[in-house]
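S.K.: Let me give you the structure first, and then I'll get to my questions.
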Amino acid sequence: MTAALELIDVVKEYPGEPPIRALDGVSLRVDEGEMVAIVGPSGSGKSTLLHIIGTLDQPTSGIVRLAGVETSAMSDRNLSAVRSQLLGFVFQQFFLLDGMSALENVANGLLYSGIAPARRRAAAREALERVGLGHRLEHIPSKLSGGERQRVAMARAIINRPAIVLADEPTGNLDSKSGTSVMELITELHQEGRTIIIITHDRELAASLPRQVLVRDGKIESDDGAPAVATAGVS
Amino acid sequence: MSVVAADLSRSKLRVGDVLRVGSLGLRTRRLRTGLSTLGVAIGIAAMVGVLGLSASSQEDLNSKIRALGTNLLEVQAGAGFGRGSGELPTTAVGMVSRIGPVTAVSSLTTVDTTVRRTDTISEGITSGISVFAADEGLLDTLHAQLVDGTWFNAATSTYPAVVLGVTAAEKLGVVDVADGLRVYIGDQWFAVIGILDHVAAAEGLDRAAIVGVAAAETYILGETIAPETIYVRTEDDAVDAVRGVLGATVNPATPEEVEVSRPSDALAAQEAASSAFTSLFLGLGAVALLVGGIGIANVMVIAVIERRTEIGLRRALGATRAHIRRQFLTEAILLAGAGGLVGVLLGAFVTWLYARSQDWAVVVPPVAIGGGLVAAVVIGAIAGIYPAGRAALLPPTEALRSN
């Protein structure tokens, strides 16, 4: 298997007196096609881990590779290209833009790739149909239910065929019924072969995923999936 | 399925997308957009309006000067204490016509009498119409036009015939010369043979009844008329030379009692005076524009703070710092540009409105339109630099922190 994500001894310190060590030597490997839950209580460092995996922030030391591309020493400009082409984000608050339709919001997933508007819209239509919202193309986000909004956000996250879909508490703002249906959709996307990493504090949700990585105090406390592969990959 | 570094292309944002993204904030917050463009709109409107009005009034003066001709000179006897009798010698017209570069010359003299529609109307009711005696050459000298009928010739200027000014004709109810109407001047009937169009060079003629000098001498006054005003048309390049010798030609005995003026000079002076106000109002417009620009900078700073998550989202979707900067810079420029457009239209409209009320030709100089739009865009760009820079430097994690 090829690695979609490799973290090797990643440390993240925030300046202060004394400096705050949010991540303390984290090594992690996620293979292509895996679905992984990164779980931990608040303050455990899982948000920092999300930022580092998502190249929204850079580690103080250590190596980060996304689909074989080392991102830990990249310029801000190249990181933008990585986010545009290798990553898809799903956020707890959806982060859809109010002034545009569901279709345009999804098409925004390709906005910074330089693809022509007509092709972006065609791809967005396809992605929305994939998440079961083919009948909601022209609705603006405020006219959609929470579950529908999160589906739009997921369509936006997969439109660029990313190496990794990063979902941060994807059901955190949803009632249990829409939460379940969103998780079903995520599972379907995984079964189609997508690599998905879900960051959550919800142990119950994490338990439903094939692999769970437990983070506490900036370290990986336990990892119940493919540890042998992970260590083999690192060495 | 694995992707290597070489396959990654840089993030790019198409030009059309820059405009679409840059106008998003304006489209979604219309009231704020409208209010924040107002300052620039007022500034640009003031500047375009002032330039338009000054150009229109200048064009009006220019057309008056053209109608007048800069080669027209007006000769009058000096009046007042120690300045002689207020009359020019009767030989004056003949003398002036012998100056080489003079192309046309005519006298015009007030005749102290009244003109009435019929002899049964009281002498006191003059409708403000004055009677003048003129030479045959007056029409050519003043570049005047007839609305109807004919001007005097050698014969009719000795007969009891009259040409009416355009306002006078209206007051006396004369519409068509062919009706063969007569009017009562002094105590003699005069046949109306022509109606003058508006005369730019001598506005008084609009309310005048003009008779030939010989006719006035014979039928009204019974004595020789001394010319009051003499109009002289010269060749274009000889105006000053003619002006120099006119005094001595008209009245060789006391040339200093002759006053020579050039009617176009008065209009040119009027033009110079109005340009002083123009720069004052332009300055006021510039101040309004500056305040409008500061307003836009303010609104943009607030917009950047409000839209942190949008900025974070865009960074997560692959926008570079330059893309974010470009988005907000575009937004500021579009804001100011919209203000500029509204301002130009408003300024042109005000110019149109005022020029029409003054019966001027409407002139909005292209430089005011182009300059107004360019000024607005430049103001927008300057106002946008700081907020756009702040937006670009916002770290993506910071922008998404509400997470």
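Residue numbering restarts at 1 for every chain of the structure tokens, chains are lettered A, B, ... in their displayed order, and ligands are numbered from 1 as they appear.
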Please return, as a ChimeraX atom specification, all residues of chain A lying within 7 Å of chain B when only C-alpha atoms are considered.

M.R.: /A:51,56-57,67-69,77-78,80-81,83-84,92,95,99,109,111-114

S.K.: Pick out each residue of stretch 88-322 of chain B that DSSP on the backbone tags as alpha helix (DSSP H); I need them as a PyMOL selection string.

M.R.: chain B and resi 92-96+138-141+166-172+213-215+239-250+263-306+308-316+321-322

S.K.: Dump C-alpha atoms for the selected residues as a tab-separated table (two decimals), in the first residue's frame?

M.R.:
```
chain	number	residue	atom	x	y	z
B	92	ALA	CA	-17.65	109.65	-39.14
B	93	VAL	CA	-19.12	106.66	-41.00
B	94	GLY	CA	-17.78	107.86	-44.33
B	95	MET	CA	-14.32	108.49	-42.82
B	96	VAL	CA	-14.10	105.08	-41.15
B	138	LEU	CA	-25.65	97.42	-40.16
B	139	LEU	CA	-26.85	93.94	-41.07
B	140	ASP	CA	-23.46	92.96	-42.50
B	141	THR	CA	-21.43	94.70	-39.83
B	166	VAL	CA	-37.46	89.74	-32.77
B	167	THR	CA	-38.94	90.71	-29.38
B	168	ALA	CA	-40.37	93.94	-30.72
B	169	ALA	CA	-42.14	92.06	-33.52
B	170	GLU	CA	-43.65	89.76	-30.95
B	171	LYS	CA	-44.83	92.67	-28.79
B	172	LEU	CA	-46.37	94.43	-31.74
B	213	VAL	CA	-31.10	107.20	-41.18
B	214	ALA	CA	-32.52	109.24	-44.05
B	215	ALA	CA	-36.06	108.15	-43.22
B	239	VAL	CA	-8.08	94.73	-35.51
B	240	ASP	CA	-5.44	96.44	-33.37
B	241	ALA	CA	-4.18	98.61	-36.20
B	242	VAL	CA	-7.69	99.82	-37.00
B	243	ARG	CA	-8.37	100.35	-33.31
B	244	GLY	CA	-5.32	102.58	-33.11
B	245	VAL	CA	-6.45	104.97	-35.83
B	246	LEU	CA	-10.21	104.96	-35.19
B	247	GLY	CA	-10.20	107.84	-32.71
B	248	ALA	CA	-8.38	110.20	-35.02
B	249	THR	CA	-10.43	109.10	-38.02
B	250	VAL	CA	-13.80	109.53	-36.38
B	263	PRO	CA	-17.30	93.61	-27.39
B	264	SER	CA	-15.61	90.18	-27.44
B	265	ASP	CA	-13.13	91.38	-24.79
B	266	ALA	CA	-15.88	91.67	-22.18
B	267	LEU	CA	-16.93	88.07	-22.75
B	268	ALA	CA	-13.33	86.86	-22.58
B	269	ALA	CA	-12.98	88.63	-19.23
B	270	GLN	CA	-16.14	86.90	-18.00
B	271	GLU	CA	-14.62	83.58	-18.99
B	272	ALA	CA	-11.46	84.26	-17.01
B	273	ALA	CA	-13.46	85.24	-13.91
B	274	SER	CA	-15.50	82.02	-13.88
B	275	SER	CA	-12.40	79.80	-13.96
B	276	ALA	CA	-11.41	81.03	-10.49
B	277	PHE	CA	-14.58	79.52	-9.04
B	278	THR	CA	-14.02	76.34	-10.98
B	279	SER	CA	-10.76	75.60	-9.17
B	280	LEU	CA	-12.36	76.34	-5.81
B	281	PHE	CA	-15.16	73.84	-6.40
B	282	LEU	CA	-12.74	71.31	-7.85
B	283	GLY	CA	-10.84	71.52	-4.60
B	284	LEU	CA	-14.02	70.89	-2.62
B	285	GLY	CA	-14.77	67.88	-4.83
B	286	ALA	CA	-11.29	66.54	-4.20
B	287	VAL	CA	-11.85	66.79	-0.43
B	288	ALA	CA	-15.13	64.86	-0.76
B	289	LEU	CA	-13.31	62.24	-2.81
B	290	LEU	CA	-10.61	61.89	-0.18
B	291	VAL	CA	-13.19	61.46	2.58
B	292	GLY	CA	-14.97	58.89	0.39
B	293	GLY	CA	-11.72	57.00	-0.02
B	294	ILE	CA	-11.15	56.93	3.73
B	295	GLY	CA	-14.72	55.64	4.12
B	296	ILE	CA	-13.97	52.78	1.75
B	297	ALA	CA	-10.77	51.91	3.59
B	298	ASN	CA	-12.80	51.82	6.81
B	299	VAL	CA	-15.49	49.57	5.41
B	300	MET	CA	-12.87	47.24	3.96
B	301	VAL	CA	-11.04	46.91	7.29
B	302	ILE	CA	-14.33	45.94	8.93
B	303	ALA	CA	-15.14	43.53	6.10
B	304	VAL	CA	-11.81	41.76	6.55
B	305	ILE	CA	-12.45	41.30	10.28
B	306	GLU	CA	-15.98	40.04	9.64
B	308	ARG	CA	-12.06	35.89	8.70
B	309	THR	CA	-13.66	32.48	8.30
B	310	GLU	CA	-14.25	33.10	4.60
B	311	ILE	CA	-10.57	33.96	4.27
B	312	GLY	CA	-9.59	30.82	6.21
B	313	LEU	CA	-11.91	28.71	4.07
B	314	ARG	CA	-10.41	30.11	0.88
B	315	ARG	CA	-6.90	29.37	2.15
B	316	ALA	CA	-8.05	25.82	2.92
B	321	ARG	CA	-1.92	35.00	0.05
B	322	ALA	CA	-1.74	36.83	-3.28
```

S.K.: So how far away is atom CA of B:Ser97 from atom CA of B:Thr156, in Å?

M.R.: 21.5 Å

S.K.: Give me the residues within 9 Å of stretch 128-143 of chain A as an MDAnalysis selection string, counting only C-alpha atoms and dropping any in the same chain fewer than 2 places off.

M.R.: chainID A and resid 96:106 123:126 145 148:149 151:152 154:156 185

S.K.: For C-alpha atoms, I'd like the residues from the last selection saved as an mmCIF file, in the first residue's frame.

M.R.:
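Saved as out-v5.cif:
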```cif
data_model
loop_
_atom_site.group_PDB
_atom_site.id
_atom_site.type_symbol
_atom_site.label_atom_id
_atom_site.label_comp_id
_atom_site.auth_asym_id
_atom_site.auth_seq_id
_atom_site.Cartn_x
_atom_site.Cartn_y
_atom_site.Cartn_z
ATOM 1 C CA LEU A 96 -20.427 27.571 3.119
ATOM 2 C CA LEU A 97 -20.548 31.061 1.605
ATOM 3 C CA ASP A 98 -23.967 32.628 2.045
ATOM 4 C CA GLY A 99 -24.083 34.662 -1.139
ATOM 5 C CA MET A 100 -23.919 31.672 -3.478
ATOM 6 C CA SER A 101 -25.882 28.588 -4.387
ATOM 7 C CA ALA A 102 -24.978 25.041 -3.325
ATOM 8 C CA LEU A 103 -23.595 24.461 -6.810
ATOM 9 C CA GLU A 104 -21.314 27.505 -6.665
ATOM 10 C CA ASN A 105 -20.168 26.595 -3.155
ATOM 11 C CA VAL A 106 -19.143 23.153 -4.362
ATOM 12 C CA ALA A 123 -17.921 18.779 -11.737
ATOM 13 C CA ALA A 124 -19.870 20.430 -8.906
ATOM 14 C CA ARG A 125 -23.150 19.125 -10.289
ATOM 15 C CA GLU A 126 -21.676 15.636 -10.416
ATOM 16 C CA SER A 145 -31.005 21.918 6.553
ATOM 17 C CA GLU A 148 -27.839 19.100 3.678
ATOM 18 C CA ARG A 149 -25.290 21.816 4.314
ATOM 19 C CA ARG A 151 -23.416 17.207 2.403
ATOM 20 C CA VAL A 152 -22.732 20.284 0.271
ATOM 21 C CA MET A 154 -18.573 17.155 1.573
ATOM 22 C CA ALA A 155 -19.268 17.515 -2.122
ATOM 23 C CA ARG A 156 -16.915 20.499 -2.066
ATOM 24 C CA LEU A 185 -22.277 9.104 3.372
#
```

S.K.: Can you pull out the residues contacting B:Gln188? Cut-off 8 Å, using only C-alpha atoms, and skip same-chain residues under 4 positions away; I want them as a list in words.

M.R.: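 The residues that qualify are Pro160, Tyr184, Tyr219 and Ile220 of chain B.
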
S.K.: Selected residues, N, CA and C atoms, written as an mmCIF file, in the first residue's frame, please.

M.R.:
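What ended up in out-v8.cif:
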```cif
data_model
loop_
_atom_site.group_PDB
_atom_site.id
_atom_site.type_symbol
_atom_site.label_atom_id
_atom_site.label_comp_id
_atom_site.auth_asym_id
_atom_site.auth_seq_id
_atom_site.Cartn_x
_atom_site.Cartn_y
_atom_site.Cartn_z
ATOM 1 N N PRO B 160 -40.516 105.567 -45.454
ATOM 2 C CA PRO B 160 -41.037 105.197 -44.129
ATOM 3 C C PRO B 160 -41.211 103.685 -44.013
ATOM 4 N N TYR B 184 -47.017 102.569 -36.145
ATOM 5 C CA TYR B 184 -47.075 104.024 -36.037
ATOM 6 C C TYR B 184 -45.878 104.528 -35.256
ATOM 7 N N TYR B 219 -38.820 111.820 -41.760
ATOM 8 C CA TYR B 219 -40.188 111.609 -41.291
ATOM 9 C C TYR B 219 -40.349 111.769 -39.785
ATOM 10 N N ILE B 220 -39.264 111.653 -39.021
ATOM 11 C CA ILE B 220 -39.434 111.686 -37.569
ATOM 12 C C ILE B 220 -38.843 112.957 -36.962
#
```

S.K.: Let me make sure I understand: among A:Ala22, A:Ile63, A:Ile38, A:Ser47, which one has the smallest atom-to-atom distance to A:Asp9 if we use only C-alpha atoms?

M.R.: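 Checking each candidate against A:Asp9, we get A:Ile63 as the closest.
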
S.K.: Any idea what's packed within 8 Å of A:Leu7, counting only C-alpha atoms, ignoring anything in its chain fewer than 5 positions away? Could you give it as JSON, numbers by chain?

M.R.: {"A": [26, 27, 28, 29, 62, 63, 64, 65]}

S.K.: For N, CA and C atoms, I'd like the residues from the last selection saved as a short mmCIF file (atom, residue, chain, number, x, y, z; two decimals), in the first residue's frame.

M.R.:
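What landed in selection-v2.cif:
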```cif
data_model
loop_
_atom_site.label_atom_id
_atom_site.label_comp_id
_atom_site.auth_asym_id
_atom_site.auth_seq_id
_atom_site.Cartn_x
_atom_site.Cartn_y
_atom_site.Cartn_z
N VAL A 26 4.93 13.12 17.32
CA VAL A 26 3.87 12.27 16.77
C VAL A 26 4.34 11.63 15.47
N SER A 27 4.22 10.32 15.38
CA SER A 27 4.48 9.62 14.12
C SER A 27 3.22 8.85 13.76
N LEU A 28 2.85 8.94 12.51
CA LEU A 28 1.59 8.33 12.09
C LEU A 28 1.65 8.08 10.61
N ARG A 29 1.12 6.91 10.22
CA ARG A 29 1.05 6.63 8.79
C ARG A 29 -0.37 6.21 8.46
N GLY A 62 10.16 17.83 12.57
CA GLY A 62 9.55 16.60 12.09
C GLY A 62 9.18 16.72 10.63
N ILE A 63 8.70 15.60 10.08
CA ILE A 63 8.43 15.54 8.65
C ILE A 63 6.96 15.20 8.41
N VAL A 64 6.36 15.90 7.47
CA VAL A 64 4.99 15.62 7.06
C VAL A 64 5.01 15.31 5.58
N ARG A 65 4.45 14.15 5.19
CA ARG A 65 4.34 13.85 3.76
C ARG A 65 2.89 13.55 3.43
#
```
